[in-house]
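One file, upload-v2.cif, carrying mmCIF, C-alpha atoms and all ligand atoms:
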```cif
data_input
#
loop_
_atom_site.label_atom_id
_atom_site.label_comp_id
_atom_site.auth_asym_id
_atom_site.auth_seq_id
_atom_site.Cartn_x
_atom_site.Cartn_y
_atom_site.Cartn_z
CA MET A 1 -3.67 66.24 -33.82
CA SER A 2 -3.50 66.80 -30.07
CA ALA A 3 -1.12 69.45 -28.66
CA ASN A 4 2.50 68.61 -27.85
CA LEU A 5 3.03 68.20 -24.10
CA LYS A 6 6.69 67.14 -24.26
CA VAL A 7 9.13 69.28 -22.32
CA ARG A 8 12.84 69.13 -21.64
CA ILE A 9 14.43 69.80 -18.27
CA GLY A 10 18.21 69.69 -18.73
CA LYS A 11 18.86 66.34 -20.41
CA LEU A 12 15.58 64.94 -19.17
CA GLU A 13 12.81 64.51 -21.73
CA LEU A 14 9.34 64.36 -20.17
CA ALA A 15 6.33 63.04 -22.09
CA ASN A 16 4.26 65.64 -20.24
CA PRO A 17 5.11 68.44 -17.83
CA VAL A 18 3.18 67.21 -14.77
CA MET A 19 5.32 65.75 -12.00
CA VAL A 20 4.50 64.64 -8.45
CA ALA A 21 6.31 66.54 -5.70
CA SER A 22 8.83 65.07 -3.30
CA GLY A 23 7.40 63.74 -0.05
CA THR A 24 3.81 63.66 -1.23
CA PHE A 25 4.02 60.46 -3.29
CA GLY A 26 6.29 58.34 -1.07
CA TYR A 27 8.17 55.86 -3.24
CA ALA A 28 4.98 55.41 -5.31
CA GLU A 29 4.10 51.99 -3.86
CA GLU A 30 0.87 53.20 -2.22
CA PHE A 31 -0.31 54.76 -5.48
CA THR A 32 0.11 51.70 -7.72
CA GLU A 33 -3.52 50.59 -7.58
CA LEU A 34 -4.90 54.09 -7.86
CA LEU A 35 -3.59 55.46 -11.15
CA ASP A 36 -1.57 54.59 -14.24
CA LEU A 37 1.84 55.66 -12.99
CA ARG A 38 3.42 55.44 -16.47
CA LYS A 39 1.44 58.51 -17.47
CA ILE A 40 2.93 60.86 -14.88
CA GLY A 41 5.54 63.21 -16.41
CA ALA A 42 8.07 62.34 -13.70
CA ILE A 43 8.05 61.05 -10.14
CA VAL A 44 10.20 62.81 -7.56
CA SER A 45 11.11 60.45 -4.72
CA LYS A 46 10.66 61.37 -1.10
CA THR A 47 13.91 63.06 -0.05
CA ILE A 48 16.60 60.62 1.02
CA THR A 49 19.62 61.22 3.22
CA LEU A 50 22.96 59.41 3.50
CA ALA A 51 22.00 57.57 6.70
CA GLY A 52 18.38 56.60 7.44
CA ARG A 53 16.26 58.95 9.56
CA GLU A 54 13.29 58.23 11.77
CA GLY A 55 11.86 61.68 11.28
CA ASN A 56 10.38 64.05 13.85
CA PRO A 57 8.14 63.18 16.81
CA MET A 58 4.34 62.88 16.32
CA PRO A 59 2.02 64.62 15.67
CA ARG A 60 3.73 65.69 12.47
CA THR A 61 0.84 66.97 10.37
CA CYS A 62 -2.26 69.07 10.89
CA GLU A 63 -4.89 70.64 8.69
CA THR A 64 -4.96 74.44 8.35
CA PRO A 65 -7.26 76.78 6.42
CA CYS A 66 -6.81 75.80 2.77
CA GLY A 67 -3.71 73.77 3.47
CA MET A 68 -1.70 71.67 5.87
CA LEU A 69 1.35 71.87 8.10
CA ASN A 70 3.89 69.08 8.17
CA SER A 71 7.07 68.39 10.06
CA ILE A 72 7.88 64.89 8.84
CA GLY A 73 11.61 65.56 9.27
CA LEU A 74 12.83 63.60 6.26
CA GLU A 75 11.95 60.12 7.50
CA ASN A 76 13.64 57.77 5.04
CA PRO A 77 15.61 54.50 4.93
CA GLY A 78 18.94 56.11 3.87
CA ILE A 79 20.48 56.01 0.41
CA GLU A 80 21.76 52.42 0.36
CA ARG A 81 18.46 50.88 1.46
CA PHE A 82 16.63 53.21 -0.92
CA LEU A 83 18.75 51.94 -3.82
CA GLU A 84 18.32 48.31 -2.76
CA GLN A 85 14.67 48.29 -1.75
CA LYS A 86 12.80 51.20 -3.34
CA LEU A 87 14.44 52.24 -6.57
CA SER A 88 13.90 49.05 -8.59
CA TYR A 89 10.18 49.32 -8.09
CA LEU A 90 10.14 53.04 -8.88
CA ALA A 91 12.24 52.52 -12.00
CA SER A 92 9.94 49.71 -13.20
CA LEU A 93 6.98 52.08 -13.40
CA GLY A 94 7.94 53.61 -16.72
CA SER A 95 8.00 57.30 -15.86
CA PRO A 96 11.31 59.08 -15.24
CA ILE A 97 12.53 58.96 -11.63
CA ILE A 98 14.04 62.04 -10.02
CA VAL A 99 15.77 61.29 -6.73
CA SER A 100 15.63 64.01 -4.08
CA VAL A 101 18.56 64.25 -1.66
CA ALA A 102 19.29 66.27 1.49
CA SER A 103 21.56 66.41 4.50
CA GLU A 104 20.87 67.71 7.98
CA ASN A 105 24.22 69.17 8.87
CA ASP A 106 26.87 68.27 6.32
CA PRO A 107 26.94 69.77 2.84
CA GLY A 108 29.57 67.13 1.91
CA GLU A 109 26.86 64.47 2.19
CA PHE A 110 25.01 66.01 -0.77
CA ALA A 111 28.05 65.50 -2.99
CA ALA A 112 28.56 61.96 -1.65
CA MET A 113 24.97 61.07 -2.55
CA VAL A 114 25.19 62.69 -5.98
CA LYS A 115 28.35 60.67 -6.65
CA ARG A 116 26.55 57.47 -5.66
CA LEU A 117 23.44 58.25 -7.76
CA GLU A 118 25.54 59.19 -10.78
CA LYS A 119 26.55 55.53 -11.13
CA ASP A 120 22.95 54.27 -11.17
CA SER A 121 21.33 54.30 -14.58
CA ARG A 122 17.83 53.98 -13.06
CA VAL A 123 18.13 57.55 -11.76
CA MET A 124 17.19 60.05 -14.46
CA ALA A 125 17.79 63.26 -12.49
CA ILE A 126 18.73 64.48 -9.03
CA GLU A 127 16.93 67.14 -7.01
CA LEU A 128 18.96 68.90 -4.32
CA ASN A 129 16.57 69.62 -1.46
CA ILE A 130 18.44 72.52 0.13
CA SER A 131 15.17 73.93 1.46
CA CYS A 132 13.55 71.48 3.87
CA PRO A 133 12.27 73.55 6.81
CA ASN A 134 11.76 70.47 8.97
CA ILE A 135 15.30 69.65 9.92
CA LYS A 136 17.08 71.46 12.70
CA ARG A 137 20.17 72.59 10.87
CA ALA A 138 21.01 72.33 7.23
CA ARG A 139 24.53 73.75 7.25
CA GLY A 140 27.83 72.54 8.55
CA LYS A 141 29.58 73.54 11.75
CA GLY A 142 30.93 77.07 11.68
CA GLN A 143 28.69 78.03 8.77
CA GLY A 144 25.92 79.64 10.77
CA SER A 145 22.36 78.46 11.10
CA GLY A 146 19.55 78.38 8.60
CA LEU A 147 18.89 76.64 5.33
CA ILE A 148 21.38 76.49 2.51
CA ALA A 149 18.60 77.85 0.30
CA GLN A 150 18.48 81.00 2.43
CA ASP A 151 21.99 82.04 1.45
CA PRO A 152 23.11 82.64 -2.16
CA LYS A 153 26.78 81.88 -1.39
CA ALA A 154 25.96 78.60 0.38
CA THR A 155 23.61 77.69 -2.49
CA TYR A 156 26.30 78.40 -5.06
CA SER A 157 28.98 76.36 -3.31
CA LEU A 158 26.65 73.41 -2.60
CA VAL A 159 25.38 73.20 -6.19
CA LYS A 160 28.90 73.67 -7.57
CA SER A 161 30.25 70.85 -5.37
CA CYS A 162 27.49 68.50 -6.60
CA ARG A 163 27.78 69.54 -10.25
CA ARG A 164 31.35 68.17 -10.31
CA PHE A 165 30.06 64.66 -9.68
CA THR A 166 27.21 64.29 -12.12
CA ARG A 167 26.29 64.65 -15.76
CA LYS A 168 22.67 63.85 -14.96
CA THR A 169 20.09 66.59 -14.82
CA LEU A 170 20.57 68.51 -11.58
CA ILE A 171 17.61 70.38 -10.10
CA THR A 172 17.86 72.71 -7.10
CA LYS A 173 14.79 73.02 -4.88
CA LEU A 174 14.37 76.49 -3.45
CA SER A 175 12.83 77.75 -0.24
CA PRO A 176 10.14 80.42 -0.16
CA ASN A 177 11.34 81.45 3.31
CA VAL A 178 13.63 84.16 1.92
CA THR A 179 13.45 87.85 1.09
CA CYS A 180 14.61 87.56 -2.51
CA ILE A 181 14.15 84.16 -4.11
CA SER A 182 15.52 85.18 -7.51
CA GLU A 183 18.91 85.88 -5.91
CA ILE A 184 19.04 82.24 -4.78
CA ALA A 185 17.82 80.98 -8.18
CA LEU A 186 20.57 82.98 -9.89
CA ALA A 187 23.17 81.42 -7.56
CA ALA A 188 21.91 77.92 -8.41
CA GLN A 189 22.03 78.72 -12.13
CA ALA A 190 25.55 80.18 -11.91
CA ALA A 191 26.75 77.02 -10.16
CA GLY A 192 25.48 74.80 -12.97
CA SER A 193 22.02 73.71 -11.88
CA ASP A 194 19.99 72.59 -14.91
CA ALA A 195 16.68 73.73 -13.40
CA VAL A 196 15.14 75.08 -10.22
CA SER A 197 12.12 73.73 -8.36
CA LEU A 198 10.04 76.22 -6.43
CA VAL A 199 8.67 76.30 -3.88
CA ASN A 200 9.19 74.11 -0.85
CA THR A 201 6.87 74.71 2.12
CA PHE A 202 6.48 77.98 4.02
CA SER A 203 7.44 78.04 7.68
CA GLY A 204 4.27 78.14 9.78
CA MET A 205 2.52 77.08 13.00
CA SER A 206 -0.88 76.32 14.45
CA ILE A 207 -2.08 76.18 18.10
CA ASP A 208 -4.67 74.08 19.93
CA VAL A 209 -6.06 76.82 22.18
CA GLN A 210 -7.75 74.46 24.67
CA ALA A 211 -4.55 72.54 25.32
CA LYS A 212 -2.42 75.67 24.74
CA ARG A 213 -0.13 73.41 22.76
CA PRO A 214 1.22 73.54 19.24
CA LYS A 215 -0.70 71.25 16.90
CA ILE A 216 2.51 69.64 15.68
CA ALA A 217 5.17 68.39 18.07
CA CYS A 218 8.00 70.41 16.50
CA VAL A 219 5.95 73.62 17.00
CA VAL A 220 6.88 75.01 13.60
CA GLY A 221 6.34 73.10 10.36
CA GLY A 222 5.98 73.60 6.62
CA LEU A 223 2.77 75.03 5.19
CA SER A 224 1.55 73.71 1.83
CA GLY A 225 -1.63 73.56 -0.23
CA PRO A 226 -3.85 76.21 -1.83
CA ALA A 227 -3.11 78.68 0.99
CA ILE A 228 0.39 79.23 -0.42
CA ARG A 229 -0.52 79.30 -4.12
CA PRO A 230 -0.60 83.08 -4.76
CA ILE A 231 2.77 83.56 -3.05
CA ALA A 232 4.36 80.58 -4.82
CA LEU A 233 3.03 81.88 -8.13
CA ARG A 234 4.47 85.33 -7.51
CA MET A 235 7.85 83.75 -6.76
CA VAL A 236 7.79 81.72 -10.00
CA TRP A 237 7.00 84.91 -11.91
CA GLU A 238 9.84 86.80 -10.23
CA VAL A 239 12.36 84.04 -10.84
CA PHE A 240 11.21 83.56 -14.47
CA GLN A 241 12.21 87.13 -15.26
CA LYS A 242 15.72 86.64 -13.92
CA ILE A 243 16.94 83.20 -15.01
CA ARG A 244 17.25 81.22 -18.25
CA ILE A 245 17.14 77.64 -16.90
CA PRO A 246 13.71 75.97 -16.62
CA ILE A 247 11.50 76.36 -13.56
CA ILE A 248 9.49 73.50 -12.07
CA GLY A 249 6.65 75.35 -10.37
CA MET A 250 4.66 74.15 -7.38
CA GLY A 251 2.70 75.33 -4.38
CA GLY A 252 -1.00 74.64 -3.95
CA ILE A 253 -1.69 73.22 -7.41
CA MET A 254 -5.02 71.42 -7.00
CA ASP A 255 -6.48 71.27 -10.50
CA VAL A 256 -5.87 72.22 -14.12
CA GLN A 257 -6.70 75.91 -13.57
CA SER A 258 -4.06 76.32 -10.91
CA ALA A 259 -1.57 74.28 -12.96
CA LEU A 260 -2.10 76.59 -15.95
CA GLU A 261 -1.47 79.64 -13.76
CA PHE A 262 1.99 78.27 -13.02
CA PHE A 263 2.80 77.75 -16.72
CA LEU A 264 1.67 81.27 -17.59
CA ALA A 265 3.85 82.63 -14.76
CA GLY A 266 6.92 80.92 -16.24
CA SER A 267 7.05 77.26 -15.19
CA SER A 268 8.25 74.80 -17.84
CA ALA A 269 6.87 71.94 -15.76
CA ILE A 270 4.78 71.73 -12.59
CA SER A 271 4.67 69.49 -9.55
CA VAL A 272 1.61 68.37 -7.64
CA GLY A 273 2.07 67.96 -3.88
CA THR A 274 -0.60 68.23 -1.18
CA ALA A 275 -3.36 67.62 -3.75
CA ASN A 276 -2.20 63.97 -3.99
CA PHE A 277 -3.52 63.43 -0.45
CA VAL A 278 -6.95 64.76 -1.43
CA ASN A 279 -7.20 63.03 -4.80
CA PRO A 280 -4.44 60.58 -5.74
CA ARG A 281 -5.46 60.72 -9.42
CA VAL A 282 -5.25 64.49 -9.67
CA SER A 283 -1.91 64.59 -11.55
CA LEU A 284 -3.37 62.64 -14.48
CA GLU A 285 -6.56 64.72 -14.40
CA ILE A 286 -4.32 67.77 -14.75
CA VAL A 287 -2.50 66.22 -17.74
CA ARG A 288 -5.86 65.66 -19.46
CA GLY A 289 -7.05 69.14 -18.52
CA ILE A 290 -3.93 70.78 -19.97
CA ARG A 291 -4.37 68.89 -23.24
CA ASP A 292 -8.03 69.99 -23.44
CA TYR A 293 -7.13 73.61 -22.70
CA LEU A 294 -4.45 73.67 -25.40
CA ASP A 295 -6.68 71.95 -27.95
CA LYS A 296 -9.65 74.22 -27.22
CA ASN A 297 -7.48 77.30 -27.58
CA LYS A 298 -5.74 75.91 -30.70
CA ILE A 299 -2.34 76.03 -29.01
CA LYS A 300 -0.03 73.43 -30.55
CA ASP A 301 2.67 73.26 -27.90
CA ILE A 302 2.68 73.58 -24.10
CA ARG A 303 5.97 75.45 -24.37
CA SER A 304 4.26 78.38 -26.02
CA ILE A 305 2.31 79.22 -22.84
CA VAL A 306 5.35 79.19 -20.56
CA GLY A 307 5.65 82.74 -19.19
CA ALA A 308 2.98 83.91 -21.66
CA LEU A 309 1.26 86.08 -19.05
CA LYS A 310 -0.09 89.21 -20.74
CA LEU A 311 0.61 92.44 -18.91
C1 LIG A 401 3.68 65.80 3.88
C2 LIG A 401 4.69 66.51 3.04
C3 LIG A 401 5.99 66.01 2.95
C4 LIG A 401 6.95 66.66 2.16
N1 LIG A 401 8.19 66.13 2.07
C5 LIG A 401 9.10 66.70 1.24
C6 LIG A 401 10.37 66.11 1.02
O1 LIG A 401 10.69 65.03 1.54
N2 LIG A 401 11.23 66.76 0.20
C7 LIG A 401 10.92 67.92 -0.45
O2 LIG A 401 11.74 68.46 -1.20
N3 LIG A 401 9.71 68.51 -0.28
C8 LIG A 401 8.80 67.93 0.53
N4 LIG A 401 7.56 68.48 0.68
C9 LIG A 401 7.25 69.74 -0.05
C10 LIG A 401 6.53 69.47 -1.37
O3 LIG A 401 7.33 68.70 -2.25
C11 LIG A 401 6.13 70.79 -2.06
O4 LIG A 401 7.31 71.51 -2.37
C12 LIG A 401 5.27 71.69 -1.19
O5 LIG A 401 4.37 70.92 -0.42
C13 LIG A 401 4.46 72.72 -2.01
O6 LIG A 401 3.59 72.11 -2.92
P1 LIG A 401 2.04 71.77 -2.59
O7 LIG A 401 1.44 72.99 -2.00
O8 LIG A 401 1.44 71.36 -3.89
O9 LIG A 401 2.06 70.65 -1.60
C14 LIG A 401 6.59 67.85 1.46
C15 LIG A 401 5.29 68.34 1.56
C16 LIG A 401 4.34 67.70 2.32
C17 LIG A 401 2.93 68.25 2.37
#
```
Now, as a test, write the supplied structure out as structure tokens.
Amino acid sequence: MSANLKVRIGKLELANPVMVASGTFGYAEEFTELLDLRKIGAIVSKTITLAGREGNPMPRTCETPCGMLNSIGLENPGIERFLEQKLSYLASLGSPIIVSVASENDPGEFAAMVKRLEKDSRVMAIELNISCPNIKRARGKGQGSGLIAQDPKATYSLVKSCRRFTRKTLITKLSPNVTCISEIALAAQAAGSDAVSLVNTFSGMSIDVQAKRPKIACVVGGLSGPAIRPIALRMVWEVFQKIRIPIIGMGGIMDVQSALEFFLAGSSAISVGTANFVNPRVSLEIVRGIRDYLDKNKIKDIRSIVGALKL
């Protein structure tokens, strides 16, 4: 018999532990013809906000050594249009849908969106994106600048305020742009988050030396892809040693080898991001590769390799 790939994240049961990361799979429409979407462990929607957003000025992406920079700026139709126009299709695909939410400058909007999503049975879990580096301010007036995910107290109070409004699985997405990521993970756990996702993109920039201009209009954007993998992996490992809720690991996963690294470092599930742009079928290739690896090594259950790094 083939190895068990089922994992549990909060109340959410996944048939396999390979998800697609927010913002790199749109609302899945473009991928329909390319792969069997039912076989993906879970699909995380592009982050939505209370009101629609046009996103940042172009150019918003550029290639970098072993990765890419983006400053999309959370372009999305807003929660109501998402629920009317995007969610039915997503929910018809047959894999669990995790809806990612964020707010530019009002933490209260997170709770308002969670409240709204709680009522919708098509939504299986909610991811709080408190770590998007591509919006100007993520905290309310009088609360200083910076991301919520850069401050343990702000993380605690945001997660706590959302927890009150939902019994669905609540996932908090962490930023790598911090000194001590496990401190933030602990705050999310203490406030009732069922899991943490890590990592979002690293703050970075790139310059066109002929034009003496930044390659993306916002100057600074989020770095993703294989370039960030060793740092993301180290952060998963650090957080794994401190918390007891599951970790959804991501950052430069391109193939089964890199996916397995994240399980061994302590991820209960993984998310594929930038790699979807290179090979839209990669998530399912990773599922097959994990099964082969477990079978070849006579490992009966994916859960037994989580954090199984030998020291
Ligand atoms: C073009 C692009 C758009 C993204 N948009 C979002 C987003 O809307 N919400 C979010 O939480 N993360 C977003 N991310 C971050 C990814 O979900 C992921 O955390 C990050 O890219 C690291 O994984 P990777 O190296 O496999 O891409 C985006 C990443 C890229 C490359």
Problem - Spatial neighbours of range 296-309 of chain A, 6 Å, all atoms listed in the file, chain gap at least 4 places, as an NGL selection string - result: :A and (3-5 or 263-268 or 292)
Resulting file, chosen residues, C-alpha atoms, as a tab-separated table (two decimals), in the frame of the given file:
```
chain	number	residue	atom	x	y	z
A	3	ALA	CA	-1.12	69.45	-28.66
A	4	ASN	CA	2.50	68.61	-27.85
A	5	LEU	CA	3.03	68.20	-24.10
A	263	PHE	CA	2.80	77.75	-16.72
A	264	LEU	CA	1.67	81.27	-17.59
A	265	ALA	CA	3.85	82.63	-14.76
A	266	GLY	CA	6.92	80.92	-16.24
A	267	SER	CA	7.05	77.26	-15.19
A	268	SER	CA	8.25	74.80	-17.84
A	292	ASP	CA	-8.03	69.99	-23.44
```
Handout entry: Protein and nucleic acid residues within 6 Å of ligand LIG 401 (chain A) (all atoms listed in the file) as a list in words
Key = Ala21, Ser22, Gly23, Thr24, Lys46, Thr47, Asn70, Leu74, Asn129, Val199, Asn200, Thr201, Ser224, Gly225, Met250, Gly251, Gly252, Ile253, Val272, Gly273 and Thr274 of chain A
Exercise for the section: Excluding Val7 in chain A and residues on its chain fewer than 4 positions from it, collect all residues at most 10 Å away from it, counting all atoms listed in the file, and give them as a list in words. Expected result: Leu12, Glu13, Leu14, Ala15, Asn16, Pro17, Val18, Gly41, Pro246, Ser268, Ala269, Asp301, Ile302 and Arg303 of chain A
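Using all atoms listed in the file, the nearest neighbour of Leu233 in chain A within the list A:Asp295, A:Glu33, A:Glu261, A:Glu183 is A:Glu261.
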Exercise for the section: For Met205 in chain A, work out the shell of residues within 7 Å, counting only C-alpha atoms and skipping chain neighbours fewer than 6 positions away, then give it as a list of chain:residue names. Expected result: A:Val219, A:Val220, A:Gly221
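Residue nearest Arg122 in chain A within the list A:Gly73, A:Gly108, A:Gly94, A:Pro176: A:Gly94 [criterion: smallest interatomic distance, all atoms listed in the file].
Separating CA of Val196 in chain A from CA of Ile228 in chain A is a distance of 18.2 Å.
The two atoms in question, CA of Ile126 in chain A and CA of Gln241 in chain A, are spaced 24.4 Å apart.
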Handout entry: Atom pair CA of Glu75 in chain A / CA of Ile130 in chain A: separation (Å)
Key = 15.8 Å
Problem - Among the residues A:Ile148, A:Ile184, A:Ile216, A:Val44, the one that comes closest to Pro57 in chain A [using only C-alpha atoms] - result: A:Ile216
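For range 156-161 of chain A, the non-local neighbours within 10 Å, defined as residues at least 3 positions apart in the same chain or in other chains and counting all atoms listed in the file, are Pro107, Gly108, Phe110, Ala111, Ala112, Val114, Leu128, Ile130, Ile148, Ala149, Asp151, Pro152, Lys153, Arg164, Phe165, Thr166, Leu170, Ile171, Thr172, Ile184, Ala185, Leu186, Ala187, Ala188, Gln189, Ala190, Ala191, Gly192 and Ser193 of chain A.
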Completion exercise
Min atom-atom distance to Ser283 in chain A from the set A:Glu127, A:Phe262, A:Met235, A:Asp255, counting only C-alpha atoms, belongs to A:Asp255
Exercise for the section: Skip Ile97 in chain A itself and residues of its chain fewer than 5 positions away, then list as a PyMOL selection string all residues within 8 Å of it, counting all atoms listed in the file. Expected result: chain A and resi 42-45+90-91+122-125
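For the set A:Arg116, A:Lys215, A:Arg38, A:Lys11, the residue with the smallest atom-to-atom gap to Met68 in chain A is A:Lys215, counting all atoms listed in the file.
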Can you take range 80-109 of chain A from the block and write N, CA and C atoms as a PDB file, in the first residue's frame?
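Saved as decode_2.pdb:
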```
ATOM      1  N   GLU A  80     -16.523  41.349  -1.516  1.00  0.00           N
ATOM      2  CA  GLU A  80     -17.873  41.012  -2.004  1.00  0.00           C
ATOM      3  C   GLU A  80     -17.818  40.472  -3.429  1.00  0.00           C
ATOM      4  N   ARG A  81     -17.045  41.141  -4.289  1.00  0.00           N
ATOM      5  CA  ARG A  81     -16.945  40.634  -5.678  1.00  0.00           C
ATOM      6  C   ARG A  81     -16.223  39.291  -5.718  1.00  0.00           C
ATOM      7  N   PHE A  82     -15.261  39.104  -4.808  1.00  0.00           N
ATOM      8  CA  PHE A  82     -14.587  37.801  -4.735  1.00  0.00           C
ATOM      9  C   PHE A  82     -15.616  36.718  -4.421  1.00  0.00           C
ATOM     10  N   LEU A  83     -16.468  36.975  -3.426  1.00  0.00           N
ATOM     11  CA  LEU A  83     -17.453  35.958  -3.020  1.00  0.00           C
ATOM     12  C   LEU A  83     -18.463  35.696  -4.139  1.00  0.00           C
ATOM     13  N   GLU A  84     -18.844  36.782  -4.845  1.00  0.00           N
ATOM     14  CA  GLU A  84     -19.829  36.624  -5.925  1.00  0.00           C
ATOM     15  C   GLU A  84     -19.235  35.983  -7.171  1.00  0.00           C
ATOM     16  N   GLN A  85     -18.022  36.416  -7.531  1.00  0.00           N
ATOM     17  CA  GLN A  85     -17.521  36.071  -8.873  1.00  0.00           C
ATOM     18  C   GLN A  85     -16.413  35.027  -8.899  1.00  0.00           C
ATOM     19  N   LYS A  86     -15.684  34.850  -7.820  1.00  0.00           N
ATOM     20  CA  LYS A  86     -14.510  33.974  -7.869  1.00  0.00           C
ATOM     21  C   LYS A  86     -14.669  32.707  -7.036  1.00  0.00           C
ATOM     22  N   LEU A  87     -15.363  32.834  -5.913  1.00  0.00           N
ATOM     23  CA  LEU A  87     -15.355  31.722  -4.967  1.00  0.00           C
ATOM     24  C   LEU A  87     -16.127  30.491  -5.450  1.00  0.00           C
ATOM     25  N   SER A  88     -17.223  30.707  -6.185  1.00  0.00           N
ATOM     26  CA  SER A  88     -18.010  29.541  -6.634  1.00  0.00           C
ATOM     27  C   SER A  88     -17.145  28.644  -7.501  1.00  0.00           C
ATOM     28  N   TYR A  89     -16.404  29.292  -8.409  1.00  0.00           N
ATOM     29  CA  TYR A  89     -15.547  28.499  -9.285  1.00  0.00           C
ATOM     30  C   TYR A  89     -14.479  27.769  -8.464  1.00  0.00           C
ATOM     31  N   LEU A  90     -13.816  28.514  -7.594  1.00  0.00           N
ATOM     32  CA  LEU A  90     -12.767  27.901  -6.754  1.00  0.00           C
ATOM     33  C   LEU A  90     -13.327  26.704  -5.972  1.00  0.00           C
ATOM     34  N   ALA A  91     -14.501  26.916  -5.370  1.00  0.00           N
ATOM     35  CA  ALA A  91     -15.084  25.872  -4.522  1.00  0.00           C
ATOM     36  C   ALA A  91     -15.549  24.673  -5.336  1.00  0.00           C
ATOM     37  N   SER A  92     -15.773  24.869  -6.644  1.00  0.00           N
ATOM     38  CA  SER A  92     -16.234  23.749  -7.482  1.00  0.00           C
ATOM     39  C   SER A  92     -15.089  22.810  -7.863  1.00  0.00           C
ATOM     40  N   LEU A  93     -13.874  23.218  -7.561  1.00  0.00           N
ATOM     41  CA  LEU A  93     -12.717  22.456  -8.061  1.00  0.00           C
ATOM     42  C   LEU A  93     -12.463  21.164  -7.292  1.00  0.00           C
ATOM     43  N   GLY A  94     -12.931  21.117  -6.059  1.00  0.00           N
ATOM     44  CA  GLY A  94     -12.807  19.864  -5.314  1.00  0.00           C
ATOM     45  C   GLY A  94     -11.629  19.803  -4.367  1.00  0.00           C
ATOM     46  N   SER A  95     -10.753  20.804  -4.361  1.00  0.00           N
ATOM     47  CA  SER A  95      -9.745  20.803  -3.288  1.00  0.00           C
ATOM     48  C   SER A  95     -10.076  21.939  -2.322  1.00  0.00           C
ATOM     49  N   PRO A  96      -9.692  21.780  -1.054  1.00  0.00           N
ATOM     50  CA  PRO A  96     -10.104  22.778  -0.054  1.00  0.00           C
ATOM     51  C   PRO A  96      -9.592  24.184  -0.408  1.00  0.00           C
ATOM     52  N   ILE A  97     -10.455  25.173  -0.158  1.00  0.00           N
ATOM     53  CA  ILE A  97     -10.093  26.561  -0.477  1.00  0.00           C
ATOM     54  C   ILE A  97      -9.793  27.323   0.811  1.00  0.00           C
ATOM     55  N   ILE A  98      -8.604  27.905   0.822  1.00  0.00           N
ATOM     56  CA  ILE A  98      -8.183  28.757   1.944  1.00  0.00           C
ATOM     57  C   ILE A  98      -8.209  30.186   1.421  1.00  0.00           C
ATOM     58  N   VAL A  99      -8.939  31.057   2.084  1.00  0.00           N
ATOM     59  CA  VAL A  99      -9.026  32.436   1.601  1.00  0.00           C
ATOM     60  C   VAL A  99      -8.058  33.310   2.402  1.00  0.00           C
ATOM     61  N   SER A 100      -7.211  34.012   1.651  1.00  0.00           N
ATOM     62  CA  SER A 100      -6.218  34.897   2.270  1.00  0.00           C
ATOM     63  C   SER A 100      -6.770  36.308   2.335  1.00  0.00           C
ATOM     64  N   VAL A 101      -6.642  36.944   3.509  1.00  0.00           N
ATOM     65  CA  VAL A 101      -7.168  38.304   3.684  1.00  0.00           C
ATOM     66  C   VAL A 101      -6.087  39.238   4.219  1.00  0.00           C
ATOM     67  N   ALA A 102      -6.233  40.534   3.865  1.00  0.00           N
ATOM     68  CA  ALA A 102      -5.299  41.554   4.376  1.00  0.00           C
ATOM     69  C   ALA A 102      -5.989  42.904   4.407  1.00  0.00           C
ATOM     70  N   SER A 103      -5.337  43.840   5.072  1.00  0.00           N
ATOM     71  CA  SER A 103      -5.821  45.223   5.057  1.00  0.00           C
ATOM     72  C   SER A 103      -4.608  46.138   5.000  1.00  0.00           C
ATOM     73  N   GLU A 104      -4.763  47.266   4.303  1.00  0.00           N
ATOM     74  CA  GLU A 104      -3.625  48.176   4.182  1.00  0.00           C
ATOM     75  C   GLU A 104      -3.381  48.954   5.468  1.00  0.00           C
ATOM     76  N   ASN A 105      -4.444  49.490   6.046  1.00  0.00           N
ATOM     77  CA  ASN A 105      -4.201  50.391   7.167  1.00  0.00           C
ATOM     78  C   ASN A 105      -5.206  50.275   8.300  1.00  0.00           C
ATOM     79  N   ASP A 106      -5.991  49.197   8.313  1.00  0.00           N
ATOM     80  CA  ASP A 106      -6.995  49.106   9.365  1.00  0.00           C
ATOM     81  C   ASP A 106      -7.131  47.667   9.864  1.00  0.00           C
ATOM     82  N   PRO A 107      -6.537  47.365  11.009  1.00  0.00           N
ATOM     83  CA  PRO A 107      -6.634  46.002  11.519  1.00  0.00           C
ATOM     84  C   PRO A 107      -8.072  45.530  11.690  1.00  0.00           C
ATOM     85  N   GLY A 108      -9.013  46.474  11.921  1.00  0.00           N
ATOM     86  CA  GLY A 108     -10.430  46.122  12.077  1.00  0.00           C
ATOM     87  C   GLY A 108     -10.998  45.461  10.820  1.00  0.00           C
ATOM     88  N   GLU A 109     -10.404  45.787   9.676  1.00  0.00           N
ATOM     89  CA  GLU A 109     -10.903  45.184   8.423  1.00  0.00           C
ATOM     90  C   GLU A 109     -10.642  43.681   8.376  1.00  0.00           C
TER      91      GLU A 109
END
```
